[in-house]
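What follows is entry_7.cif (mmCIF, C-alpha atoms).
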```
data_protein
#
loop_
_atom_site.group_PDB
_atom_site.id
_atom_site.type_symbol
_atom_site.label_atom_id
_atom_site.label_comp_id
_atom_site.auth_asym_id
_atom_site.auth_seq_id
_atom_site.Cartn_x
_atom_site.Cartn_y
_atom_site.Cartn_z
ATOM 1 C CA MET W 1116 211.257 -111.341 117.252
ATOM 2 C CA SER W 1117 211.460 -110.161 113.633
ATOM 3 C CA HIS W 1118 210.140 -113.506 112.389
ATOM 4 C CA PHE W 1119 207.251 -113.297 114.848
ATOM 5 C CA SER W 1120 206.342 -109.804 113.645
ATOM 6 C CA ALA W 1121 206.720 -110.747 109.967
ATOM 7 C CA CYS W 1122 204.244 -113.607 110.380
ATOM 8 C CA PHE W 1123 201.545 -111.452 111.941
ATOM 9 C CA LEU W 1124 202.039 -108.569 109.517
ATOM 10 C CA LEU W 1125 200.870 -110.929 106.771
ATOM 11 C CA VAL W 1126 197.270 -110.475 107.968
ATOM 12 C CA PHE W 1127 197.391 -106.870 106.673
ATOM 13 C CA ALA W 1128 198.797 -108.113 103.376
ATOM 14 C CA GLN W 1129 196.048 -110.703 103.046
ATOM 15 C CA LEU W 1130 193.338 -108.155 103.812
ATOM 16 C CA ALA W 1131 194.725 -105.762 101.190
ATOM 17 C CA VAL W 1132 194.836 -108.324 98.377
ATOM 18 C CA GLY W 1133 191.671 -110.178 99.339
ATOM 19 C CA GLY W 1134 189.814 -106.895 99.646
ATOM 20 C CA PHE W 1135 190.761 -105.830 96.138
ATOM 21 C CA VAL W 1136 189.689 -109.212 94.758
ATOM 22 C CA ALA W 1137 186.348 -108.853 96.558
ATOM 23 C CA LEU W 1138 185.790 -105.416 95.001
ATOM 24 C CA ALA W 1139 185.491 -107.171 91.639
ATOM 25 C CA VAL W 1140 182.430 -109.115 92.859
ATOM 26 C CA PRO W 1141 179.694 -106.429 93.126
ATOM 27 C CA PRO W 1142 178.753 -104.723 89.811
ATOM 28 C CA PHE W 1143 180.586 -101.421 89.447
ATOM 29 C CA GLY W 1144 177.769 -99.715 87.547
ATOM 30 C CA VAL W 1145 175.071 -100.529 90.105
ATOM 31 C CA ILE W 1146 176.661 -99.202 93.299
ATOM 32 C CA GLU W 1147 177.570 -95.558 93.921
ATOM 33 C CA ARG W 1148 181.263 -94.943 93.381
ATOM 34 C CA GLY W 1149 181.658 -93.803 96.983
ATOM 35 C CA PHE W 1150 181.563 -97.419 98.152
ATOM 36 C CA PHE W 1151 184.545 -98.289 95.964
ATOM 37 C CA LYS W 1152 186.395 -95.142 97.074
ATOM 38 C CA SER W 1153 186.015 -95.856 100.773
ATOM 39 C CA SER W 1154 186.688 -99.590 100.460
ATOM 40 C CA ALA W 1155 189.717 -99.192 98.180
ATOM 41 C CA GLY W 1156 191.078 -96.600 100.610
ATOM 42 C CA VAL W 1157 190.878 -99.112 103.468
ATOM 43 C CA PHE W 1158 192.607 -101.853 101.488
ATOM 44 C CA VAL W 1159 195.336 -99.521 100.157
ATOM 45 C CA GLY W 1160 195.951 -98.456 103.755
ATOM 46 C CA CYS W 1161 196.401 -102.106 104.775
ATOM 47 C CA ALA W 1162 198.957 -102.591 101.980
ATOM 48 C CA LEU W 1163 200.889 -99.497 103.075
ATOM 49 C CA LEU W 1164 200.879 -100.693 106.689
ATOM 50 C CA TYR W 1165 202.340 -104.031 105.597
ATOM 51 C CA ILE W 1166 205.027 -102.361 103.481
ATOM 52 C CA ALA W 1167 205.987 -99.977 106.288
ATOM 53 C CA GLY W 1168 206.183 -102.825 108.797
ATOM 54 C CA ARG W 1169 208.140 -105.076 106.438
ATOM 55 C CA ILE W 1170 210.672 -102.345 105.658
ATOM 56 C CA ALA W 1171 211.011 -101.558 109.376
ATOM 57 C CA LEU W 1172 211.797 -105.218 110.106
ATOM 58 C CA VAL W 1173 214.389 -105.320 107.323
ATOM 59 C CA ALA W 1174 215.986 -102.123 108.627
ATOM 60 C CA ARG W 1175 216.095 -103.554 112.149
ATOM 61 C CA ALA W 1176 217.704 -106.770 110.921
ATOM 62 C CA GLY W 1177 220.274 -104.879 108.850
ATOM 63 C CA THR W 1178 220.272 -107.491 106.082
ATOM 64 C CA VAL W 1179 217.847 -108.636 103.414
ATOM 65 C CA THR W 1180 217.851 -111.575 101.022
ATOM 66 C CA THR W 1181 217.219 -111.365 97.291
ATOM 67 C CA GLY W 1182 213.838 -113.007 97.859
ATOM 68 C CA GLY W 1183 213.027 -110.389 100.461
ATOM 69 C CA LEU W 1184 213.876 -107.568 98.068
ATOM 70 C CA VAL W 1185 211.677 -109.105 95.357
ATOM 71 C CA GLU W 1186 208.828 -109.482 97.837
ATOM 72 C CA ILE W 1187 209.034 -105.860 99.026
ATOM 73 C CA GLY W 1188 209.343 -104.658 95.426
ATOM 74 C CA LEU W 1189 206.177 -106.519 94.443
ATOM 75 C CA TRP W 1190 204.262 -105.082 97.383
ATOM 76 C CA ILE W 1191 205.373 -101.555 96.518
ATOM 77 C CA ALA W 1192 204.290 -102.125 92.910
ATOM 78 C CA PHE W 1193 200.918 -103.444 94.111
ATOM 79 C CA ALA W 1194 200.418 -100.465 96.419
ATOM 80 C CA ALA W 1195 201.323 -98.063 93.598
ATOM 81 C CA ALA W 1196 198.846 -99.675 91.166
ATOM 82 C CA ALA W 1197 196.135 -99.842 93.837
ATOM 83 C CA THR W 1198 196.689 -96.191 94.742
ATOM 84 C CA PHE W 1199 196.405 -95.214 91.079
ATOM 85 C CA TYR W 1200 193.129 -97.148 90.839
ATOM 86 C CA PHE W 1201 191.943 -95.323 93.966
ATOM 87 C CA ILE W 1202 192.755 -91.964 92.333
ATOM 88 C CA THR W 1203 190.959 -92.852 89.084
ATOM 89 C CA LEU W 1204 187.714 -93.329 91.032
ATOM 90 C CA TRP W 1205 187.430 -89.533 91.142
ATOM 91 C CA GLY W 1206 187.493 -89.229 87.350
ATOM 92 C CA ASP W 1207 185.881 -90.675 84.251
ATOM 93 C CA ARG W 1208 188.898 -92.460 82.759
ATOM 94 C CA ALA W 1209 187.204 -95.843 82.596
ATOM 95 C CA ARG W 1210 189.942 -97.559 80.572
ATOM 96 C CA ALA W 1211 192.729 -96.370 82.881
ATOM 97 C CA ARG W 1212 190.683 -97.409 85.902
ATOM 98 C CA ALA W 1213 190.057 -100.895 84.515
ATOM 99 C CA ARG W 1214 193.732 -101.372 83.664
ATOM 100 C CA ALA W 1215 194.834 -100.138 87.085
ATOM 101 C CA PHE W 1216 192.428 -102.506 88.812
ATOM 102 C CA ALA W 1217 193.518 -105.525 86.751
ATOM 103 C CA THR W 1218 197.179 -104.646 87.342
ATOM 104 C CA SER W 1219 196.516 -104.317 91.069
ATOM 105 C CA LEU W 1220 194.970 -107.784 91.201
ATOM 106 C CA LEU W 1221 197.861 -109.384 89.330
ATOM 107 C CA LEU W 1222 200.574 -107.664 91.358
ATOM 108 C CA GLY W 1223 198.749 -108.336 94.617
ATOM 109 C CA LEU W 1224 198.512 -112.063 93.960
ATOM 110 C CA LEU W 1225 202.174 -112.189 92.917
ATOM 111 C CA ALA W 1226 203.214 -110.260 96.040
ATOM 112 C CA LEU W 1227 201.195 -112.573 98.296
ATOM 113 C CA ALA W 1228 202.751 -115.612 96.610
ATOM 114 C CA ALA W 1229 206.214 -114.116 97.155
ATOM 115 C CA SER W 1230 205.441 -113.539 100.840
ATOM 116 C CA ALA W 1231 204.241 -117.121 101.173
ATOM 117 C CA SER W 1232 207.403 -118.446 99.521
ATOM 118 C CA VAL W 1233 209.588 -116.656 102.087
ATOM 119 C CA HIS W 1234 208.245 -119.046 104.759
ATOM 120 C CA ARG W 1235 208.230 -122.204 102.605
ATOM 121 C CA LEU W 1236 209.473 -125.493 104.005
ATOM 122 C CA GLY W 1237 211.147 -127.873 101.597
ATOM 123 C CA PRO W 1238 212.827 -127.492 98.196
ATOM 124 C CA LEU W 1239 211.473 -125.649 95.170
ATOM 125 C CA LEU W 1240 210.235 -128.864 93.560
ATOM 126 C CA SER W 1241 207.880 -129.885 96.349
ATOM 127 C CA PRO W 1242 204.148 -129.595 97.098
ATOM 128 C CA ALA W 1243 204.904 -126.674 99.407
ATOM 129 C CA THR W 1244 205.778 -124.465 96.424
ATOM 130 C CA ILE W 1245 202.142 -124.607 95.305
ATOM 131 C CA LEU W 1246 200.381 -125.080 98.639
ATOM 132 C CA TYR W 1247 201.853 -122.062 100.436
ATOM 133 C CA PRO W 1248 200.619 -119.443 97.920
ATOM 134 C CA ILE W 1249 197.219 -121.150 97.542
ATOM 135 C CA SER W 1250 196.700 -121.317 101.305
ATOM 136 C CA PHE W 1251 197.602 -117.660 101.756
ATOM 137 C CA THR W 1252 195.442 -116.633 98.792
ATOM 138 C CA THR W 1253 192.256 -118.478 99.791
ATOM 139 C CA GLY W 1254 192.626 -117.095 103.318
ATOM 140 C CA ALA W 1255 193.068 -113.612 101.876
ATOM 141 C CA MET W 1256 189.951 -113.931 99.720
ATOM 142 C CA ALA W 1257 187.824 -115.161 102.618
ATOM 143 C CA LEU W 1258 189.063 -112.255 104.729
ATOM 144 C CA GLY W 1259 188.597 -109.751 101.921
ATOM 145 C CA GLY W 1260 185.144 -111.089 101.100
ATOM 146 C CA VAL W 1261 183.804 -110.725 104.628
ATOM 147 C CA ALA W 1262 185.412 -107.286 104.998
ATOM 148 C CA ALA W 1263 183.917 -106.046 101.724
ATOM 149 C CA GLY W 1264 180.531 -107.454 102.746
ATOM 150 C CA MET W 1265 180.674 -105.534 106.004
ATOM 151 C CA LEU W 1266 181.693 -102.320 104.218
ATOM 152 C CA LEU W 1267 178.927 -102.726 101.644
ATOM 153 C CA GLY W 1268 176.409 -103.222 104.435
ATOM 154 C CA HIS W 1269 177.171 -99.718 105.655
ATOM 155 C CA TRP W 1270 176.543 -98.373 102.171
ATOM 156 C CA TYR W 1271 172.902 -99.512 102.383
ATOM 157 C CA LEU W 1272 172.458 -96.885 105.110
ATOM 158 C CA ILE W 1273 173.391 -94.247 102.527
ATOM 159 C CA ASP W 1274 171.801 -95.632 99.363
ATOM 160 C CA LEU W 1275 168.412 -96.770 100.626
ATOM 161 C CA GLY W 1276 167.241 -97.860 97.182
ATOM 162 C CA LEU W 1277 170.186 -100.138 96.444
ATOM 163 C CA SER W 1278 169.274 -103.664 95.338
ATOM 164 C CA ILE W 1279 170.007 -106.531 97.739
ATOM 165 C CA GLU W 1280 171.773 -108.482 94.969
ATOM 166 C CA PRO W 1281 175.272 -106.898 95.421
ATOM 167 C CA MET W 1282 175.311 -107.950 99.077
ATOM 168 C CA ARG W 1283 174.133 -111.426 98.140
ATOM 169 C CA ARG W 1284 176.969 -111.678 95.621
ATOM 170 C CA LEU W 1285 179.558 -110.713 98.219
ATOM 171 C CA PHE W 1286 177.988 -113.105 100.711
ATOM 172 C CA ARG W 1287 178.233 -116.004 98.240
ATOM 173 C CA PHE W 1288 181.853 -115.060 97.478
ATOM 174 C CA PHE W 1289 182.714 -114.976 101.187
ATOM 175 C CA VAL W 1290 181.126 -118.378 101.894
ATOM 176 C CA THR W 1291 182.624 -119.991 98.786
ATOM 177 C CA MET W 1292 186.128 -118.793 99.614
ATOM 178 C CA THR W 1293 185.780 -119.805 103.268
ATOM 179 C CA VAL W 1294 184.787 -123.356 102.277
ATOM 180 C CA ALA W 1295 187.617 -123.436 99.719
ATOM 181 C CA HIS W 1296 190.052 -122.230 102.392
ATOM 182 C CA ILE W 1297 189.048 -125.051 104.744
ATOM 183 C CA GLY W 1298 189.617 -127.554 101.943
ATOM 184 C CA VAL W 1299 193.031 -126.073 101.108
ATOM 185 C CA LEU W 1300 194.084 -126.109 104.767
ATOM 186 C CA LEU W 1301 193.158 -129.785 105.132
ATOM 187 C CA LEU W 1302 194.882 -130.656 101.852
ATOM 188 C CA THR W 1303 197.979 -128.761 102.957
ATOM 189 C CA LEU W 1304 198.081 -130.575 106.279
ATOM 190 C CA VAL W 1305 197.813 -133.994 104.594
ATOM 191 C CA ALA W 1306 200.283 -133.193 101.800
ATOM 192 C CA MET W 1307 202.888 -131.751 104.148
ATOM 193 C CA ALA W 1308 202.560 -134.764 106.464
ATOM 194 C CA ALA W 1309 203.173 -137.050 103.480
ATOM 195 C CA THR W 1310 206.299 -135.141 102.381
ATOM 196 C CA PRO W 1311 209.435 -136.611 104.012
ATOM 197 C CA GLY W 1312 211.855 -134.271 105.730
ATOM 198 C CA ALA W 1313 211.209 -130.897 107.314
ATOM 199 C CA SER W 1314 207.546 -130.782 106.263
ATOM 200 C CA GLU W 1315 206.712 -134.116 107.873
ATOM 201 C CA ALA W 1316 208.583 -133.119 111.026
ATOM 202 C CA ALA W 1317 206.734 -129.795 111.191
ATOM 203 C CA VAL W 1318 203.352 -131.528 110.990
ATOM 204 C CA GLY W 1319 204.446 -133.907 113.748
ATOM 205 C CA THR W 1320 205.440 -130.961 115.930
ATOM 206 C CA LEU W 1321 202.110 -129.262 115.238
ATOM 207 C CA LEU W 1322 200.022 -132.306 116.142
ATOM 208 C CA HIS W 1323 201.975 -133.279 119.255
ATOM 209 C CA GLU W 1324 202.857 -129.874 120.712
ATOM 210 C CA HIS W 1325 200.253 -127.497 119.298
ATOM 211 C CA GLY W 1326 197.186 -129.680 118.722
ATOM 212 C CA GLY W 1327 194.941 -127.332 120.698
ATOM 213 C CA LEU W 1328 196.100 -124.411 118.593
ATOM 214 C CA LEU W 1329 195.240 -126.323 115.410
ATOM 215 C CA VAL W 1330 191.731 -127.110 116.691
ATOM 216 C CA ALA W 1331 191.209 -123.483 117.686
ATOM 217 C CA ARG W 1332 192.442 -122.327 114.269
ATOM 218 C CA PHE W 1333 189.565 -124.207 112.612
ATOM 219 C CA ALA W 1334 186.877 -123.915 115.293
ATOM 220 C CA LEU W 1335 187.289 -120.203 116.050
ATOM 221 C CA GLY W 1336 188.077 -119.298 112.436
ATOM 222 C CA PRO W 1337 186.447 -120.570 109.245
ATOM 223 C CA LEU W 1338 184.020 -123.016 110.916
ATOM 224 C CA ALA W 1339 182.603 -120.339 113.212
ATOM 225 C CA ALA W 1340 182.483 -117.947 110.248
ATOM 226 C CA LEU W 1341 180.375 -120.454 108.304
ATOM 227 C CA VAL W 1342 177.879 -120.593 111.171
ATOM 228 C CA LEU W 1343 177.610 -116.810 110.902
ATOM 229 C CA GLY W 1344 177.336 -117.256 107.139
ATOM 230 C CA TRP W 1345 174.206 -119.379 107.620
ATOM 231 C CA MET W 1346 172.742 -116.636 109.812
ATOM 232 C CA ILE W 1347 173.578 -113.976 107.214
ATOM 233 C CA HIS W 1348 171.915 -116.118 104.554
ATOM 234 C CA ARG W 1349 168.717 -116.326 106.605
ATOM 235 C CA THR W 1350 168.808 -112.591 107.240
ATOM 236 C CA LEU W 1351 169.241 -111.735 103.561
ATOM 237 C CA GLN W 1352 166.196 -113.843 102.747
ATOM 238 C CA ILE W 1353 163.981 -111.401 104.682
ATOM 239 C CA PRO W 1354 165.814 -109.192 103.433
ATOM 240 C CA GLN W 1355 167.292 -107.135 106.307
ATOM 241 C CA THR W 1356 170.576 -105.476 105.395
ATOM 242 C CA MET W 1357 171.194 -103.810 108.765
ATOM 243 C CA ALA W 1358 171.023 -107.145 110.612
ATOM 244 C CA ALA W 1359 173.192 -108.768 107.927
ATOM 245 C CA THR W 1360 175.789 -106.015 108.356
ATOM 246 C CA GLY W 1361 175.923 -106.671 112.094
ATOM 247 C CA LEU W 1362 176.455 -110.371 111.433
ATOM 248 C CA PHE W 1363 179.196 -109.518 108.925
ATOM 249 C CA TYR W 1364 180.869 -107.582 111.767
ATOM 250 C CA ILE W 1365 180.936 -110.723 113.912
ATOM 251 C CA ALA W 1366 181.971 -112.923 110.987
ATOM 252 C CA ILE W 1367 184.984 -110.744 110.181
ATOM 253 C CA LEU W 1368 186.149 -111.176 113.776
ATOM 254 C CA PHE W 1369 186.058 -114.966 113.419
ATOM 255 C CA VAL W 1370 187.842 -114.914 110.058
ATOM 256 C CA MET W 1371 190.457 -112.522 111.459
ATOM 257 C CA VAL W 1372 190.984 -114.665 114.563
ATOM 258 C CA GLY W 1373 191.406 -117.710 112.348
ATOM 259 C CA GLU W 1374 194.057 -116.003 110.237
ATOM 260 C CA ILE W 1375 195.878 -114.686 113.315
ATOM 261 C CA LEU W 1376 195.954 -118.188 114.796
ATOM 262 C CA GLY W 1377 197.158 -119.419 111.403
ATOM 263 C CA ARG W 1378 200.018 -116.933 111.514
ATOM 264 C CA LEU W 1379 200.871 -118.180 115.014
ATOM 265 C CA ILE W 1380 201.066 -121.702 113.571
ATOM 266 C CA LEU W 1381 203.256 -120.311 110.789
ATOM 267 C CA PHE W 1382 205.585 -118.787 113.390
ATOM 268 C CA ARG W 1383 205.817 -121.940 115.477
ATOM 269 C CA THR W 1384 206.029 -124.558 112.726
ATOM 270 C CA SER W 1385 206.471 -122.717 109.365
ATOM 271 C CA LEU W 1386 203.294 -124.428 108.117
ATOM 272 C CA PRO W 1387 200.900 -122.218 106.050
ATOM 273 C CA LEU W 1388 197.807 -122.990 108.087
#
```
Rewritten as structure tokens:
Amino acid sequence: MSHFSACFLLVFAQLAVGGFVALAVPPFGVIERGFFKSSAGVFVGCALLYIAGRIALVARAGTVTTGGLVEIGLWIAFAAAATFYFITLWGDRARARARAFATSLLLGLLALAASASVHRLGPLLSPATILYPISFTTGAMALGGVAAGMLLGHWYLIDLGLSIEPMRRLFRFFVTMTVAHIGVLLLTLVAMAATPGASEAAVGTLLHEHGGLLVARFALGPLAALVLGWMIHRTLQIPQTMAATGLFYIAILFVMVGEILGRLILFRTSLPL
């Protein structure tokens, strides 16, 4: 039960890190600071939810590995840096804010890599050591990109004179990371199948026992999100930000469903899909 919960908690971790990466896409000086305050608050909250859940699982289990302690420590450090960045948004300390944001990005990526490594199949010197963190990271960026796009869409209801370019930037980031995530997932599946031992056996189990789940992971996740991406692109050409925001709402559901199904695959086979 703890392993099941740990797998699904990772969606909050991915949203927190991917969201902070996405906040670097729109120009800070063009958008009112309130957008960054509200968005950073959401992503910090996701990080705190993950930390609270992870600590609760460790407490329930009664034991924790060294890797688990390092992982939790990195997430706490990320949350602390992200919270400090959030606080600096109410002041004019530009240098401290920039350093806090850069530190948050670095610690977040390291924490996500540590979480991915906890579930790794195979030895340290294997393709899995690289593929697990990359798979988790591209999924996080796709999720963060679509979430930030949806949040920015709401900001156009407040700042009626805001240029359409920031939303276009976030849209391009979301689509690029979604396409990259599909490529990484396919590469991971092929590489793990070609790696003798536990990885090859896990892929065999996935294809023979959970083939429908694998199809649903792609069809109801990134592929469906790309269809919505095409619709958002057409809407932004008008441009019509309110309609684009509504489509971002639907797109985030598809991306989220894809990641949840991916975490179910992780639970059943330990594959980072």
Could you expand the PyMOL selection byres ((chain W and resi 1161) around 10) into the explicit residues it covers here, written as a ChimeraX atom specification? /W:1124,1126-1132,1134,1155-1160,1162-1167,1194
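Nearest residue to Phe1199 (chain W), choosing from W:Ala1215, W:Ile1187, W:Val1136, W:Val1330 and counting all atoms listed in the file: W:Ala1215.
Interatomic distance, CA of Leu1322 (chain W) to CA of Phe1382 (chain W): 14.9 Å.
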Selection as a JSON list (two decimals) with C-alpha atoms, in the coordinates of the input: residues within 12 Å of (196.1, -124.5, 114.8), counting all atoms listed in the file:
```
[["chain", "number", "residue", "atom", "x", "y", "z"],
["W", 1300, "LEU", "CA", 194.08, -126.11, 104.77],
["W", 1301, "LEU", "CA", 193.16, -129.78, 105.13],
["W", 1304, "LEU", "CA", 198.08, -130.57, 106.28],
["W", 1318, "VAL", "CA", 203.35, -131.53, 110.99],
["W", 1320, "THR", "CA", 205.44, -130.96, 115.93],
["W", 1321, "LEU", "CA", 202.11, -129.26, 115.24],
["W", 1322, "LEU", "CA", 200.02, -132.31, 116.14],
["W", 1323, "HIS", "CA", 201.98, -133.28, 119.26],
["W", 1324, "GLU", "CA", 202.86, -129.87, 120.71],
["W", 1325, "HIS", "CA", 200.25, -127.50, 119.30],
["W", 1326, "GLY", "CA", 197.19, -129.68, 118.72],
["W", 1327, "GLY", "CA", 194.94, -127.33, 120.70],
["W", 1328, "LEU", "CA", 196.10, -124.41, 118.59],
["W", 1329, "LEU", "CA", 195.24, -126.32, 115.41],
["W", 1330, "VAL", "CA", 191.73, -127.11, 116.69],
["W", 1331, "ALA", "CA", 191.21, -123.48, 117.69],
["W", 1332, "ARG", "CA", 192.44, -122.33, 114.27],
["W", 1333, "PHE", "CA", 189.56, -124.21, 112.61],
["W", 1334, "ALA", "CA", 186.88, -123.92, 115.29],
["W", 1335, "LEU", "CA", 187.29, -120.20, 116.05],
["W", 1336, "GLY", "CA", 188.08, -119.30, 112.44],
["W", 1337, "PRO", "CA", 186.45, -120.57, 109.24],
["W", 1372, "VAL", "CA", 190.98, -114.66, 114.56],
["W", 1373, "GLY", "CA", 191.41, -117.71, 112.35],
["W", 1374, "GLU", "CA", 194.06, -116.00, 110.24],
["W", 1375, "ILE", "CA", 195.88, -114.69, 113.32],
["W", 1376, "LEU", "CA", 195.95, -118.19, 114.80],
["W", 1377, "GLY", "CA", 197.16, -119.42, 111.40],
["W", 1378, "ARG", "CA", 200.02, -116.93, 111.51],
["W", 1379, "LEU", "CA", 200.87, -118.18, 115.01],
["W", 1380, "ILE", "CA", 201.07, -121.70, 113.57],
["W", 1381, "LEU", "CA", 203.26, -120.31, 110.79],
["W", 1382, "PHE", "CA", 205.58, -118.79, 113.39],
["W", 1383, "ARG", "CA", 205.82, -121.94, 115.48],
["W", 1384, "THR", "CA", 206.03, -124.56, 112.73],
["W", 1385, "SER", "CA", 206.47, -122.72, 109.36],
["W", 1386, "LEU", "CA", 203.29, -124.43, 108.12],
["W", 1387, "PRO", "CA", 200.90, -122.22, 106.05],
["W", 1388, "LEU", "CA", 197.81, -122.99, 108.09]]
```
Enclose the full set of atoms of region 1288-1296 of chain W listed in the file within a box whose edges lie along x, y and z, apply 4 Å of padding to each of the six sides, and report centre and edge lengths in Å to one decimal as lines of an AutoDock Vina configuration file.
```
center_x = 185.6
center_y = -119.2
center_z = 100.4
size_x = 16.9
size_y = 16.5
size_z = 13.8
```
When you count all atoms listed in the file, which of these residues is closest to Glu1186 (chain W): W:Arg1169, W:Arg1349, W:His1296, W:Arg1212? W:Arg1169
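Put simply, CA of Gly1223 (chain W) is 10.6 Å away from CA of Ala1195 (chain W).
Using only C-alpha atoms for every distance, the candidate list W:Ile1170, W:Met1357, W:Leu1220, W:Ala1366 yields W:Ala1366 as the residue closest to Val1342 (chain W).
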Compile the contact shell of Ser1232 (chain W) as a PDB file with C-alpha atoms, in the frame of the given file: residues with an atom at most 10 Å away, counting all atoms listed in the file, same-chain residues fewer than 5 positions apart removed.
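Output file selection.pdb follows:
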```pdb
ATOM      1  CA  GLY W1182     213.838-113.007  97.859  1.00  0.00           C
ATOM      2  CA  GLY W1183     213.027-110.389 100.461  1.00  0.00           C
ATOM      3  CA  GLU W1186     208.828-109.482  97.837  1.00  0.00           C
ATOM      4  CA  ALA W1226     203.214-110.260  96.040  1.00  0.00           C
ATOM      5  CA  LEU W1227     201.195-112.573  98.296  1.00  0.00           C
ATOM      6  CA  LEU W1239     211.473-125.649  95.170  1.00  0.00           C
ATOM      7  CA  ALA W1243     204.904-126.674  99.407  1.00  0.00           C
ATOM      8  CA  THR W1244     205.778-124.465  96.424  1.00  0.00           C
ATOM      9  CA  ILE W1245     202.142-124.607  95.305  1.00  0.00           C
ATOM     10  CA  LEU W1246     200.381-125.080  98.639  1.00  0.00           C
ATOM     11  CA  TYR W1247     201.853-122.062 100.436  1.00  0.00           C
ATOM     12  CA  PRO W1248     200.619-119.443  97.920  1.00  0.00           C
ATOM     13  CA  PRO W1387     200.900-122.218 106.050  1.00  0.00           C
TER      14      PRO W1387
END
```
